[in-house]
Every structure is written in structure tokens, then in C-alpha cells.
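Source file: upload_31.txt (compact mmCIF, C-alpha atoms)
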```txt
# COMPACT_ATOMS: atom_id res chain seq x y z
CA MET T 1 106.64 113.95 111.03
CA THR T 2 103.11 112.56 111.06
CA ASN T 3 100.92 112.83 108.03
CA ASN T 4 97.85 110.89 107.11
CA ARG T 5 99.55 108.83 104.38
CA PHE T 6 101.28 106.73 107.08
CA PHE T 7 99.89 103.41 108.29
CA SER T 8 101.10 101.12 111.07
CA PHE T 9 100.02 97.48 111.04
CA VAL T 10 100.25 96.11 114.56
CA GLY T 11 100.31 92.37 115.20
CA GLY T 12 99.18 91.56 118.75
CA ASN T 13 96.09 90.77 120.76
CA SER T 14 93.83 93.69 119.86
CA GLY T 15 92.35 95.32 116.79
CA PRO T 16 89.35 94.76 114.53
CA TRP T 17 90.90 91.95 112.45
CA ARG T 18 91.23 88.34 113.65
CA VAL T 19 94.25 86.61 112.12
CA THR T 20 93.30 83.32 110.46
CA LYS T 21 96.69 82.55 108.85
CA ILE T 22 100.27 83.80 108.92
CA ALA T 23 102.36 81.96 106.35
CA ALA T 24 105.99 82.56 105.39
CA VAL T 25 105.87 82.33 101.58
CA THR T 26 109.52 83.27 100.98
CA GLY T 27 112.17 83.86 103.65
CA GLU T 28 111.54 84.61 107.28
CA GLY T 29 107.94 84.73 108.54
CA LEU T 30 106.33 86.85 111.24
CA LYS T 31 105.52 85.81 114.79
CA ASP T 32 102.07 84.33 115.27
CA VAL T 33 99.49 86.79 116.63
CA ASP T 34 95.73 86.72 117.26
CA ARG T 35 94.74 90.15 116.04
CA LEU T 36 95.83 92.88 113.68
CA ASP T 37 95.25 96.57 114.23
CA VAL T 38 95.56 99.05 111.36
CA ILE T 39 96.46 102.52 112.56
CA ASN T 40 96.46 105.51 110.22
CA ASP T 41 99.60 107.00 111.76
CA LYS T 42 103.30 106.31 112.04
CA LEU T 43 103.93 104.72 115.42
CA ASP T 44 107.45 105.01 116.81
CA SER T 45 107.39 101.59 118.41
CA PRO T 46 104.92 98.72 118.80
CA PRO T 47 102.34 99.11 121.59
CA PRO T 48 102.90 96.97 124.73
CA ASN T 49 102.31 93.25 124.13
CA ALA T 50 102.44 93.61 120.36
CA PRO T 51 105.18 91.33 118.99
CA TRP T 52 105.55 93.25 115.75
CA MET T 53 104.62 96.35 113.79
CA LEU T 54 105.01 97.08 110.09
CA ARG T 55 104.84 100.60 108.69
CA GLY T 56 104.26 102.01 105.24
CA VAL T 57 103.12 105.11 103.43
CA THR T 58 100.65 105.52 100.59
CA SER T 59 102.27 107.45 97.80
CA TYR T 60 102.27 108.44 94.12
CA GLN T 61 102.06 105.69 91.53
CA ARG T 62 105.41 104.34 90.39
CA TYR T 63 104.47 102.32 87.26
CA VAL T 64 100.83 102.94 86.32
CA ASN T 65 100.46 105.02 83.15
CA SER T 66 97.57 107.41 82.60
CA ALA T 67 95.47 105.02 80.47
CA GLU T 68 95.85 102.31 83.14
CA HIS T 69 95.11 104.84 85.86
CA GLN T 70 91.77 105.65 84.21
CA GLN T 71 90.89 101.97 83.79
CA LEU T 72 91.67 101.32 87.45
CA ALA T 73 89.85 104.40 88.71
CA ALA T 74 86.69 103.36 86.83
CA VAL T 75 86.38 100.02 88.64
CA GLN T 76 88.35 99.99 91.88
CA PRO T 77 86.19 99.80 94.99
CA GLN T 78 86.65 101.66 98.25
CA LEU T 79 87.95 99.96 101.36
CA ASP T 80 85.60 99.37 104.33
CA ARG T 81 82.69 97.93 102.35
CA PRO T 82 80.40 96.21 104.90
CA GLU T 83 80.34 92.97 102.88
CA ALA T 84 84.15 92.82 102.70
CA THR T 85 84.71 90.88 105.91
CA ARG T 86 87.88 89.14 104.70
CA ALA T 87 91.24 90.85 104.37
CA ALA T 88 94.83 90.02 103.56
CA LEU T 89 98.08 91.77 104.37
CA ILE T 90 100.95 90.72 102.13
CA PRO T 91 104.32 92.27 103.03
CA ILE T 92 107.03 91.73 100.43
CA LYS T 93 110.68 92.65 100.04
CA LYS T 94 112.47 92.74 96.70
CA SER T 95 116.13 92.08 95.96
CA GLU T 96 118.83 94.73 95.56
CA SER T 97 119.05 93.71 91.89
CA TRP T 98 115.43 94.88 91.46
CA TRP T 99 116.14 98.25 92.99
CA HIS T 100 119.26 98.72 90.88
CA LEU T 101 117.27 98.34 87.65
CA SER T 102 116.35 101.52 85.83
CA GLN T 103 112.76 102.75 85.78
CA ASP T 104 112.07 101.47 82.24
CA GLN T 105 113.53 98.05 83.06
CA ARG T 106 111.37 97.74 86.19
CA ARG T 107 108.25 98.85 84.31
CA ARG T 108 108.93 96.32 81.54
CA ILE T 109 109.18 93.46 84.04
CA PHE T 110 106.28 94.75 86.17
CA GLU T 111 103.72 95.19 83.42
CA GLU T 112 104.83 94.28 79.90
CA ARG T 113 106.20 90.90 81.05
CA SER T 114 104.35 90.21 84.33
CA ALA T 115 101.01 91.99 83.70
CA HIS T 116 100.78 93.11 87.32
CA ILE T 117 98.26 95.87 86.59
CA ALA T 118 96.27 93.85 84.04
CA THR T 119 96.04 90.90 86.44
CA GLY T 120 94.81 93.13 89.25
CA LEU T 121 92.20 94.65 86.92
CA LYS T 122 90.63 91.23 86.26
CA TYR T 123 89.70 90.96 89.95
CA LEU T 124 88.09 94.37 90.25
CA PRO T 125 85.71 95.42 91.68
CA ALA T 126 85.69 92.28 93.90
CA VAL T 127 89.00 93.01 95.65
CA ALA T 128 89.75 96.41 97.20
CA ARG T 129 93.40 97.21 97.67
CA ARG T 130 95.73 99.76 99.23
CA LEU T 131 99.49 99.79 98.61
CA HIS T 132 101.90 101.08 101.26
CA HIS T 133 105.52 101.84 100.39
CA SER T 134 108.17 100.95 102.98
CA TYR T 135 111.50 100.78 101.10
CA ASP T 136 112.40 104.41 101.80
CA LEU T 137 111.38 104.13 105.46
CA GLY T 138 114.12 101.60 106.25
CA GLU T 139 111.53 98.97 107.14
CA PRO T 140 112.06 95.18 106.91
CA PHE T 141 109.71 94.94 103.92
CA ASP T 142 109.54 97.14 100.80
CA PHE T 143 105.76 97.00 100.29
CA LEU T 144 102.73 96.23 102.40
CA THR T 145 99.65 95.49 100.32
CA TRP T 146 96.28 95.42 102.03
CA PHE T 147 93.29 93.71 100.40
CA GLU T 148 89.61 93.49 101.40
CA TYR T 149 86.98 91.21 99.85
CA ALA T 150 83.71 89.45 100.60
CA PRO T 151 83.77 85.73 101.53
CA GLU T 152 82.22 84.80 98.18
CA HIS T 153 85.28 86.24 96.42
CA ALA T 154 87.82 84.31 98.46
CA ALA T 155 88.56 81.93 95.57
CA ASP T 156 89.07 84.89 93.21
CA PHE T 157 91.53 86.38 95.65
CA GLU T 158 93.47 83.08 95.82
CA ALA T 159 93.63 83.06 92.02
CA LEU T 160 94.95 86.65 91.94
CA VAL T 161 97.70 85.93 94.45
CA SER T 162 98.64 82.71 92.71
CA GLU T 163 98.86 84.36 89.27
CA LEU T 164 101.13 87.13 90.55
CA ARG T 165 103.46 84.68 92.31
CA GLN T 166 104.14 82.93 89.00
CA THR T 167 105.36 86.09 87.26
CA GLU T 168 108.87 87.19 86.33
CA GLU T 169 108.40 90.13 88.72
CA TRP T 170 108.03 87.71 91.64
CA GLN T 171 111.49 86.25 90.95
CA TYR T 172 112.78 89.46 92.55
CA VAL T 173 110.83 88.86 95.77
CA THR T 174 113.25 87.81 98.52
CA ARG T 175 110.80 87.81 101.42
CA GLU T 176 107.03 87.44 101.49
CA VAL T 177 104.56 86.78 104.26
CA ASP T 178 100.86 86.11 103.71
CA LEU T 179 98.42 87.11 106.47
CA ARG T 180 94.72 86.37 106.16
CA LEU T 181 92.15 88.07 108.34
CA GLU T 182 88.48 88.19 109.22
CA ARG T 183 86.63 91.08 110.69
CA ALA T 184 86.27 90.25 114.41
CA MET Y 1 114.84 102.17 111.56
CA THR Y 2 118.30 103.45 110.69
CA ASN Y 3 119.96 102.50 107.47
CA ASN Y 4 122.80 104.14 105.63
CA ARG Y 5 120.60 105.62 102.88
CA PHE Y 6 119.32 108.27 105.34
CA PHE Y 7 120.82 111.76 105.55
CA SER Y 8 120.08 114.61 107.95
CA PHE Y 9 121.06 118.15 106.99
CA VAL Y 10 121.40 120.23 110.12
CA GLY Y 11 121.38 124.04 109.97
CA GLY Y 12 123.10 125.52 113.01
CA ASN Y 13 126.47 126.67 114.25
CA SER Y 14 128.58 123.58 113.61
CA GLY Y 15 129.56 121.33 110.77
CA PRO Y 16 132.11 121.34 107.94
CA TRP Y 17 130.19 123.67 105.61
CA ARG Y 18 129.99 127.46 106.05
CA VAL Y 19 126.72 128.88 104.75
CA THR Y 20 127.32 131.74 102.29
CA LYS Y 21 123.70 132.21 101.17
CA ILE Y 22 120.20 131.08 102.11
CA ALA Y 23 117.66 132.38 99.61
CA ALA Y 24 113.93 131.65 99.43
CA VAL Y 25 113.40 131.07 95.71
CA THR Y 26 109.72 130.09 95.96
CA GLY Y 27 107.58 130.13 99.08
CA GLU Y 28 108.83 130.14 102.64
CA GLY Y 29 112.59 130.24 103.26
CA LEU Y 30 114.68 128.69 106.03
CA LYS Y 31 116.07 130.44 109.09
CA ASP Y 32 119.54 131.92 108.65
CA VAL Y 33 122.34 129.75 110.03
CA ASP Y 34 126.15 129.89 109.96
CA ARG Y 35 126.98 126.27 109.35
CA LEU Y 36 125.55 123.12 107.85
CA ASP Y 37 126.28 119.61 109.03
CA VAL Y 38 125.54 116.60 106.84
CA ILE Y 39 124.93 113.46 108.89
CA ASN Y 40 124.57 110.04 107.26
CA ASP Y 41 121.77 108.97 109.59
CA LYS Y 42 118.17 109.78 110.35
CA LEU Y 43 118.10 112.06 113.39
CA ASP Y 44 114.87 112.11 115.39
CA SER Y 45 115.16 115.81 116.21
CA PRO Y 46 117.59 118.65 115.55
CA PRO Y 47 120.62 118.81 117.88
CA PRO Y 48 120.57 121.56 120.55
CA ASN Y 49 120.97 125.08 119.09
CA ALA Y 50 120.21 123.91 115.56
CA PRO Y 51 117.23 125.93 114.24
CA TRP Y 52 116.34 123.36 111.58
CA MET Y 53 116.98 119.91 110.18
CA LEU Y 54 115.97 118.42 106.84
CA ARG Y 55 115.97 114.68 106.20
CA GLY Y 56 115.99 112.56 103.08
CA VAL Y 57 116.85 109.14 101.79
CA THR Y 58 118.79 108.10 98.72
CA SER Y 59 116.75 105.65 96.71
CA TYR Y 60 116.14 103.90 93.40
CA GLN Y 61 115.86 106.04 90.29
CA ARG Y 62 112.34 107.18 89.48
CA TYR Y 63 112.68 108.49 85.88
CA VAL Y 64 116.11 107.62 84.48
CA ASN Y 65 115.98 104.91 81.82
CA SER Y 66 118.76 102.41 81.29
CA ALA Y 67 120.44 104.28 78.39
CA GLU Y 68 120.47 107.48 80.44
CA HIS Y 69 121.71 105.55 83.46
CA GLN Y 70 124.72 104.36 81.49
CA GLN Y 71 125.44 107.86 80.14
CA LEU Y 72 125.31 109.28 83.67
CA ALA Y 73 127.37 106.49 85.21
CA ALA Y 74 130.13 107.07 82.65
CA VAL Y 75 130.70 110.70 83.63
CA GLN Y 76 129.30 111.43 87.07
CA PRO Y 77 131.97 112.24 89.67
CA GLN Y 78 132.11 111.11 93.28
CA LEU Y 79 131.33 113.46 96.13
CA ASP Y 80 134.16 114.61 98.46
CA ARG Y 81 136.65 115.54 95.74
CA PRO Y 82 139.29 117.72 97.45
CA GLU Y 83 138.95 120.47 94.80
CA ALA Y 84 135.16 120.65 95.24
CA THR Y 85 135.14 123.24 98.03
CA ARG Y 86 131.78 124.73 97.04
CA ALA Y 87 128.45 123.07 97.66
CA ALA Y 88 124.75 123.77 97.33
CA LEU Y 89 121.72 122.28 99.04
CA ILE Y 90 118.48 122.89 97.14
CA PRO Y 91 115.36 121.62 98.91
CA ILE Y 92 112.23 121.66 96.76
CA LYS Y 93 108.59 120.75 97.21
CA LYS Y 94 106.27 119.99 94.31
CA SER Y 95 102.51 120.54 94.11
CA GLU Y 96 99.83 117.93 94.74
CA SER Y 97 98.97 118.16 91.03
CA TRP Y 98 102.48 116.85 90.23
CA TRP Y 99 102.10 113.88 92.55
CA HIS Y 100 98.68 113.04 91.14
CA LEU Y 101 100.07 112.70 87.62
CA SER Y 102 100.73 109.19 86.37
CA GLN Y 103 104.28 107.92 85.97
CA ASP Y 104 104.33 108.40 82.18
CA GLN Y 105 102.97 111.95 82.50
CA ARG Y 106 105.63 112.87 85.07
CA ARG Y 107 108.40 111.31 82.96
CA ARG Y 108 107.20 113.24 79.88
CA ILE Y 109 107.33 116.56 81.73
CA PHE Y 110 110.57 115.70 83.56
CA GLU Y 111 112.65 114.65 80.56
CA GLU Y 112 110.92 114.82 77.16
CA ARG Y 113 109.70 118.39 77.80
CA SER Y 114 112.08 119.71 80.50
CA ALA Y 115 115.29 117.79 79.68
CA HIS Y 116 116.15 117.45 83.36
CA ILE Y 117 118.57 114.55 82.83
CA ALA Y 118 120.07 115.94 79.60
CA THR Y 119 120.64 119.34 81.25
CA GLY Y 120 122.38 117.73 84.20
CA LEU Y 121 124.58 115.68 81.85
CA LYS Y 122 125.94 118.86 80.22
CA TYR Y 123 127.50 119.90 83.54
CA LEU Y 124 129.18 116.58 84.28
CA PRO Y 125 131.79 115.83 85.47
CA ALA Y 126 132.12 119.35 86.94
CA VAL Y 127 129.19 119.07 89.33
CA ALA Y 128 128.79 116.09 91.67
CA ARG Y 129 125.28 115.46 92.91
CA ARG Y 130 123.30 113.34 95.37
CA LEU Y 131 119.50 113.27 95.41
CA HIS Y 132 117.60 112.60 98.64
CA HIS Y 133 113.90 111.75 98.59
CA SER Y 134 111.72 113.20 101.35
CA TYR Y 135 108.12 113.04 100.08
CA ASP Y 136 107.42 109.65 101.68
CA LEU Y 137 109.04 110.68 104.96
CA GLY Y 138 106.44 113.38 105.67
CA GLU Y 139 109.10 116.08 105.52
CA PRO Y 140 108.46 119.75 104.59
CA PHE Y 141 110.26 119.31 101.25
CA ASP Y 142 109.93 116.50 98.68
CA PHE Y 143 113.56 116.45 97.52
CA LEU Y 144 116.89 117.61 98.88
CA THR Y 145 119.55 117.83 96.20
CA TRP Y 146 123.16 118.19 97.24
CA PHE Y 147 125.80 119.47 94.80
CA GLU Y 148 129.59 119.82 95.08
CA TYR Y 149 131.86 121.67 92.67
CA ALA Y 150 135.17 123.49 92.45
CA PRO Y 151 135.21 127.32 92.57
CA GLU Y 152 136.14 127.50 88.87
CA HIS Y 153 132.86 125.77 88.02
CA ALA Y 154 130.68 128.15 90.02
CA ALA Y 155 129.41 129.87 86.85
CA ASP Y 156 128.55 126.50 85.30
CA PHE Y 157 126.58 125.61 88.38
CA GLU Y 158 124.62 128.90 88.19
CA ALA Y 159 123.82 128.12 84.55
CA LEU Y 160 122.59 124.62 85.45
CA VAL Y 161 120.28 125.90 88.20
CA SER Y 162 119.01 128.71 85.99
CA GLU Y 163 118.22 126.38 83.09
CA LEU Y 164 116.27 123.98 85.29
CA ARG Y 165 114.24 126.78 86.86
CA GLN Y 166 112.95 127.80 83.42
CA THR Y 167 111.51 124.38 82.61
CA GLU Y 168 107.92 123.16 82.56
CA GLU Y 169 108.84 120.79 85.40
CA TRP Y 170 109.66 123.75 87.64
CA GLN Y 171 106.11 125.10 87.26
CA TYR Y 172 105.18 122.32 89.70
CA VAL Y 173 107.64 123.56 92.33
CA THR Y 174 105.72 125.21 95.16
CA ARG Y 175 108.62 125.76 97.54
CA GLU Y 176 112.34 126.07 96.87
CA VAL Y 177 115.24 127.25 98.99
CA ASP Y 178 118.76 127.74 97.68
CA LEU Y 179 121.65 127.28 100.13
CA ARG Y 180 125.24 127.88 99.05
CA LEU Y 181 128.16 126.64 101.06
CA GLU Y 182 131.94 126.64 101.29
CA ARG Y 183 134.07 124.06 103.01
CA ALA Y 184 135.03 125.66 106.35
```
Target format C-alpha cells, applied to this file:
Amino acid sequence: MTNNRFFSFVGGNSGPWRVTKIAAVTGEGLKDVDRLDVINDKLDSPPPNAPWMLRGVTSYQRYVNSAEHQQLAAVQPQLDRPEATRAALIPIKKSESWWHLSQDQRRRIFEERSAHIATGLKYLPAVARRLHHSYDLGEPFDFLTWFEYAPEHAADFEALVSELRQTEEWQYVTREVDLRLERA
Amino acid sequence: MTNNRFFSFVGGNSGPWRVTKIAAVTGEGLKDVDRLDVINDKLDSPPPNAPWMLRGVTSYQRYVNSAEHQQLAAVQPQLDRPEATRAALIPIKKSESWWHLSQDQRRRIFEERSAHIATGLKYLPAVARRLHHSYDLGEPFDFLTWFEYAPEHAADFEALVSELRQTEEWQYVTREVDLRLERA
């Protein structure tokens, strides 16, 4: 059952990331914790003393076309850059009406009308990102997006998040939590 | 962790479906069993005496556009029709090169060049179908497709399977098993 595309994000009192903010943006939030651990495996249950755990899997791209893929590949940075001491974990859940749309309808909202990919591109290579899919795992959120950036790009990251939240795509978001972190 | 989109297919000596054939089409096969049980839940491990278990989750459509969705919805039958006493379970795995393609490249191969949706439409409403996704669950196969049909449509079903296996899309299939079943 385990493969290396699985990640478990554990909120508790250990791990390399100190939690600086946990905000409920839409819907129910997550219990306050001091630390976040990121484990490249699918845990069956949260470790002792960890109030919560969120799991996701990296996967094939659902909306990016090949021209966009090449643009992204040319500029996207790796995770774990030494200067990237800030991180964010943004779990989101989308409505059933989103998931009932056909592929072309979702793509049209995602990119042609909300410019999700184009907006992300503007903030590269400052912000490194990894997307984890959770919808098909039966998890409370549909996506877990992990971001890493240097302190001097914190304002850029705020702008990115703010732009995306104003899009038509975000009208389908029924739950969103925003966690900010610093390397401990 | 459980939700009703999960299905577990259990090969063993119990269940409502008698196995009439288990053929390895490409790559490694599956151990011979007498019966198949279809459980609308995600089992953690196979029940006692069951040599294997395959799990998948029904999900949002990955390639179907809205016009195709409407065409399909107009003619696709429900599962569990009393006359549909034959069934097939066809687990397939695709290559890493398939999963590394962008969405538009996969769609082009899937439909514009392989006519996967159009081919399926020709055999509706004779053949009922449910697709289960397994790639993001870390399972040995990427898809489990379940079909139900009446004995008088058995030849149609053979034609459908044969047509799909000759497509460009099927060149990406690295493992395929073909199980045929009769209601016991």
C-alpha cells in the first residue's frame, strides 16, 4: 500500500516546522498545534499526541497542458532550498458541483477564466510548490498544497494567495485552512 | 477513511459472481479463484482464504467533455439489471510514460486518436460499466473497470474489448488481466 508519492502532514508538537499561524479561511479550521511534521509515507493514524494528520498523494497533472508544462518546468524551483525558511500548507476542499463538472468545464474555470497556472507562473522561481491530491483517498480535504519561500518573498506569496482567492475557481472552495510555518 | 466511493474486489471462494475465466492479457496475471465478491468499502486486507483483493474508487471524470457526458448520460444503463447475468472485471496498469504526459496529450491519445469514449458509446445501452481509479491508492493496477451485460450481448462485449485493445491508448498498457464472471 505504501509508495513514495504519499505524504502525511502531522500537526502536533514535533517536526522541523514551527507553526506561526493556523487560520480558517472558509469553513471549519484545524486545531492549533506548535509544530508540523511532513512524512513521505501514508500513516494509518496520527502519532501519539498529534491532534491531526492530513494525507495526500502527488500524482499526474490534471489540467496543465504540454506548453504550460514546459513553461513551468523551465522555472519551477526544487523544494528544500536552504534560503526557503518559510512554508505554507493550504488544505482546500471543493464542492460537489465542482466535481460533477466535466473535464473541459473544470479546465475552462481553472485556467481560461481563473488563470490558476498563469498566476502561479508569475511567482516562480520565488515560490516552490508541491501539490498533493486527497479527494480519492476519502480525506477531509481534496488538495493539500505545500509552498516554500525565502522571507524576502513573503509579500509575493501573500499576493499569490490573495489573487487566487479572488478567482471564479475559488467560488467552488467549501473549506480552506491556511497554515504558515518557519523552519525550526 | 471510508466513504462510499470505495470498492474492494475480492478473489476467493465466496461472493455472488462465479469466475469463468482469468486470463493474463499483458504482464503478470492473477491467481485462479472460484468466486468474486464486490464490496462497496475499502478493506484493509483480504478476508481469510481470499488469495487477492483489488481496490479502487469511483471519481470525477478525467477526459470526458460536457457534450460527451450528455451523450453518455442519455444511454448508459444502471448496474444490477436482472438480465445482466454476465460480468467482466478488467484491471489495467499504464506505463510511467503515460502518466508523465500532460492532460491535453493524454486526452488526444485517449479520444481523438483512440476513440475510447466513442467506442464505448457504440455498445450502450447493452453494456453497463463502472470505472474505479486505483493509481493514487498505490494499488498494483491503475484502473479497475467493471462491466455487466446480458448473455445475448456477449459477442458485443468481445467486440468492444477487442476494439479498445487495438488502439494507440492500449500501447501504454503494461499490465492487463481479463476476468469473466457469471452470476452464481
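The closest residue to Glu152 in chain Y, picked from Y:Val75, Y:Leu101, Y:Ile90, Y:Val127 and counting only C-alpha atoms, is Y:Val127.
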Taking all atoms listed in the file into account, which residues of chain Y are within 12 Å of chain T, as a ChimeraX atom specification?
/Y:1-7,41-45,53-70,96-108,132-142
Saved selection, atoms kept: C-alpha atoms, as a PDB file, keeping the file's coordinate frame:
```
ATOM      1  CA  MET Y   1     114.840 102.170 111.560  1.00  0.00           C
ATOM      2  CA  THR Y   2     118.300 103.450 110.690  1.00  0.00           C
ATOM      3  CA  ASN Y   3     119.960 102.500 107.470  1.00  0.00           C
ATOM      4  CA  ASN Y   4     122.800 104.140 105.630  1.00  0.00           C
ATOM      5  CA  ARG Y   5     120.600 105.620 102.880  1.00  0.00           C
ATOM      6  CA  PHE Y   6     119.320 108.270 105.340  1.00  0.00           C
ATOM      7  CA  PHE Y   7     120.820 111.760 105.550  1.00  0.00           C
ATOM      8  CA  ASP Y  41     121.770 108.970 109.590  1.00  0.00           C
ATOM      9  CA  LYS Y  42     118.170 109.780 110.350  1.00  0.00           C
ATOM     10  CA  LEU Y  43     118.100 112.060 113.390  1.00  0.00           C
ATOM     11  CA  ASP Y  44     114.870 112.110 115.390  1.00  0.00           C
ATOM     12  CA  SER Y  45     115.160 115.810 116.210  1.00  0.00           C
ATOM     13  CA  MET Y  53     116.980 119.910 110.180  1.00  0.00           C
ATOM     14  CA  LEU Y  54     115.970 118.420 106.840  1.00  0.00           C
ATOM     15  CA  ARG Y  55     115.970 114.680 106.200  1.00  0.00           C
ATOM     16  CA  GLY Y  56     115.990 112.560 103.080  1.00  0.00           C
ATOM     17  CA  VAL Y  57     116.850 109.140 101.790  1.00  0.00           C
ATOM     18  CA  THR Y  58     118.790 108.100  98.720  1.00  0.00           C
ATOM     19  CA  SER Y  59     116.750 105.650  96.710  1.00  0.00           C
ATOM     20  CA  TYR Y  60     116.140 103.900  93.400  1.00  0.00           C
ATOM     21  CA  GLN Y  61     115.860 106.040  90.290  1.00  0.00           C
ATOM     22  CA  ARG Y  62     112.340 107.180  89.480  1.00  0.00           C
ATOM     23  CA  TYR Y  63     112.680 108.490  85.880  1.00  0.00           C
ATOM     24  CA  VAL Y  64     116.110 107.620  84.480  1.00  0.00           C
ATOM     25  CA  ASN Y  65     115.980 104.910  81.820  1.00  0.00           C
ATOM     26  CA  SER Y  66     118.760 102.410  81.290  1.00  0.00           C
ATOM     27  CA  ALA Y  67     120.440 104.280  78.390  1.00  0.00           C
ATOM     28  CA  GLU Y  68     120.470 107.480  80.440  1.00  0.00           C
ATOM     29  CA  HIS Y  69     121.710 105.550  83.460  1.00  0.00           C
ATOM     30  CA  GLN Y  70     124.720 104.360  81.490  1.00  0.00           C
ATOM     31  CA  GLU Y  96      99.830 117.930  94.740  1.00  0.00           C
ATOM     32  CA  SER Y  97      98.970 118.160  91.030  1.00  0.00           C
ATOM     33  CA  TRP Y  98     102.480 116.850  90.230  1.00  0.00           C
ATOM     34  CA  TRP Y  99     102.100 113.880  92.550  1.00  0.00           C
ATOM     35  CA  HIS Y 100      98.680 113.040  91.140  1.00  0.00           C
ATOM     36  CA  LEU Y 101     100.070 112.700  87.620  1.00  0.00           C
ATOM     37  CA  SER Y 102     100.730 109.190  86.370  1.00  0.00           C
ATOM     38  CA  GLN Y 103     104.280 107.920  85.970  1.00  0.00           C
ATOM     39  CA  ASP Y 104     104.330 108.400  82.180  1.00  0.00           C
ATOM     40  CA  GLN Y 105     102.970 111.950  82.500  1.00  0.00           C
ATOM     41  CA  ARG Y 106     105.630 112.870  85.070  1.00  0.00           C
ATOM     42  CA  ARG Y 107     108.400 111.310  82.960  1.00  0.00           C
ATOM     43  CA  ARG Y 108     107.200 113.240  79.880  1.00  0.00           C
ATOM     44  CA  HIS Y 132     117.600 112.600  98.640  1.00  0.00           C
ATOM     45  CA  HIS Y 133     113.900 111.750  98.590  1.00  0.00           C
ATOM     46  CA  SER Y 134     111.720 113.200 101.350  1.00  0.00           C
ATOM     47  CA  TYR Y 135     108.120 113.040 100.080  1.00  0.00           C
ATOM     48  CA  ASP Y 136     107.420 109.650 101.680  1.00  0.00           C
ATOM     49  CA  LEU Y 137     109.040 110.680 104.960  1.00  0.00           C
ATOM     50  CA  GLY Y 138     106.440 113.380 105.670  1.00  0.00           C
ATOM     51  CA  GLU Y 139     109.100 116.080 105.520  1.00  0.00           C
ATOM     52  CA  PRO Y 140     108.460 119.750 104.590  1.00  0.00           C
ATOM     53  CA  PHE Y 141     110.260 119.310 101.250  1.00  0.00           C
ATOM     54  CA  ASP Y 142     109.930 116.500  98.680  1.00  0.00           C
TER      55      ASP Y 142
END
```
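The spacing separating CA of Arg18 in chain T from CA of Glu176 in chain T amounts to 20.0 Å.
The coordinates place CA of Thr26 in chain Y at 13.9 Å from CA of Leu164 in chain Y.
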Shortest contact to Val177 in chain Y, candidates Y:Arg86, Y:Asn40, Y:Val25, Y:Arg35, atoms counted only C-alpha atoms, goes to Y:Val25
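Using all atoms listed in the file, the residues found no farther than 12 Å from Gly27 in chain Y, other than those of its own chain fewer than 2 positions away, are Ala23, Ala24, Val25, Gly29, Leu30, Pro91, Ile92, Lys93, Lys94, Ser95, Pro140, Phe141, Val173, Thr174, Arg175, Glu176, Val177 and Asp178 of chain Y.
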Centre and edge lengths, as AutoDock Vina command-line options, for the axis-aligned box enclosing every listed atom of range 35-49 of chain Y with 5 Å of padding on each of the six sides, in Å to one decimal?
```
--center_x 120.9 --center_y 117.6 --center_z 113.7 --size_x 22.1 --size_y 27.3 --size_z 23.7
```
Atomic distance CA of Pro77 in chain T - CA of Leu121 in chain T, expressed in Å with one decimal
11.3 Å
Counting only C-alpha atoms, write as a VMD selection string all protein and nucleic acid residues lying at most 6 Å from (133.9, 127.3, 101.6) in the file's frame.
chain Y and resid 18 85 to 86 181 to 184
Would you be able to write out as a PyMOL selection string which residues have an atom within 10 Å of (122.8, 131.9, 109.9) in the file's coordinates, counting only C-alpha atoms?
chain Y and resi 11-13+18-22+30-36+51
Write a file of the selected residues as an mmCIF file, keeping the file's coordinate frame, keeping C-alpha atoms.
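Output file again_27.cif follows:
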```
data_model
loop_
_atom_site.group_PDB
_atom_site.id
_atom_site.type_symbol
_atom_site.label_atom_id
_atom_site.label_comp_id
_atom_site.auth_asym_id
_atom_site.auth_seq_id
_atom_site.Cartn_x
_atom_site.Cartn_y
_atom_site.Cartn_z
ATOM 1 C CA GLY Y 11 121.380 124.040 109.970
ATOM 2 C CA GLY Y 12 123.100 125.520 113.010
ATOM 3 C CA ASN Y 13 126.470 126.670 114.250
ATOM 4 C CA ARG Y 18 129.990 127.460 106.050
ATOM 5 C CA VAL Y 19 126.720 128.880 104.750
ATOM 6 C CA THR Y 20 127.320 131.740 102.290
ATOM 7 C CA LYS Y 21 123.700 132.210 101.170
ATOM 8 C CA ILE Y 22 120.200 131.080 102.110
ATOM 9 C CA LEU Y 30 114.680 128.690 106.030
ATOM 10 C CA LYS Y 31 116.070 130.440 109.090
ATOM 11 C CA ASP Y 32 119.540 131.920 108.650
ATOM 12 C CA VAL Y 33 122.340 129.750 110.030
ATOM 13 C CA ASP Y 34 126.150 129.890 109.960
ATOM 14 C CA ARG Y 35 126.980 126.270 109.350
ATOM 15 C CA LEU Y 36 125.550 123.120 107.850
ATOM 16 C CA PRO Y 51 117.230 125.930 114.240
#
```
Counting all atoms listed in the file, what is within 8 Å of Glu148 in chain Y, bar same-chain residues fewer than 2 positions away, as a list in words?
Leu79, Asp80, Ala84, Thr85, Arg86, Ala87, Ala88, Val127, Ala128, Arg129, Trp146 and Ala150 of chain Y
Same residues, C-alpha atoms, saved as a compact mmCIF listing (two decimals), in the coordinates of the input:
```txt
# COMPACT_ATOMS: atom_id res chain seq x y z
CA LEU Y 79 131.33 113.46 96.13
CA ASP Y 80 134.16 114.61 98.46
CA ALA Y 84 135.16 120.65 95.24
CA THR Y 85 135.14 123.24 98.03
CA ARG Y 86 131.78 124.73 97.04
CA ALA Y 87 128.45 123.07 97.66
CA ALA Y 88 124.75 123.77 97.33
CA VAL Y 127 129.19 119.07 89.33
CA ALA Y 128 128.79 116.09 91.67
CA ARG Y 129 125.28 115.46 92.91
CA TRP Y 146 123.16 118.19 97.24
CA ALA Y 150 135.17 123.49 92.45
```
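Restricting the calculation to only C-alpha atoms, the smallest distance between Gln166 in chain T and any of T:Asp37, T:Arg113, T:Ala74, T:Ser8 is found for T:Arg113.
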Kindly write range 95-102 of chain Y with N, CA and C atoms to a file, as a CSV table (one decimal), in the first residue's frame.
```csv
chain,number,residue,atom,x,y,z
Y,95,SER,N,1.8,2.7,-18.3
Y,95,SER,CA,3.2,2.9,-18.1
Y,95,SER,C,3.5,4.3,-17.5
Y,96,GLU,N,4.7,4.5,-16.9
Y,96,GLU,CA,5.1,5.8,-16.4
Y,96,GLU,C,5.0,6.8,-17.5
Y,97,SER,N,5.3,6.4,-18.7
Y,97,SER,CA,5.4,7.4,-19.8
Y,97,SER,C,3.9,8.0,-20.1
Y,98,TRP,N,2.9,7.2,-19.9
Y,98,TRP,CA,1.5,7.7,-19.9
Y,98,TRP,C,1.3,8.7,-18.9
Y,99,TRP,N,1.7,8.4,-17.6
Y,99,TRP,CA,1.4,9.3,-16.5
Y,99,TRP,C,2.2,10.6,-16.6
Y,100,HIS,N,3.3,10.6,-17.3
Y,100,HIS,CA,4.1,11.8,-17.4
Y,100,HIS,C,3.6,12.7,-18.6
Y,101,LEU,N,2.7,12.2,-19.4
Y,101,LEU,CA,2.1,13.1,-20.4
Y,101,LEU,C,1.3,14.2,-19.8
Y,102,SER,N,1.1,15.3,-20.5
Y,102,SER,CA,0.3,16.3,-20.0
Y,102,SER,C,-1.2,15.9,-20.3
```
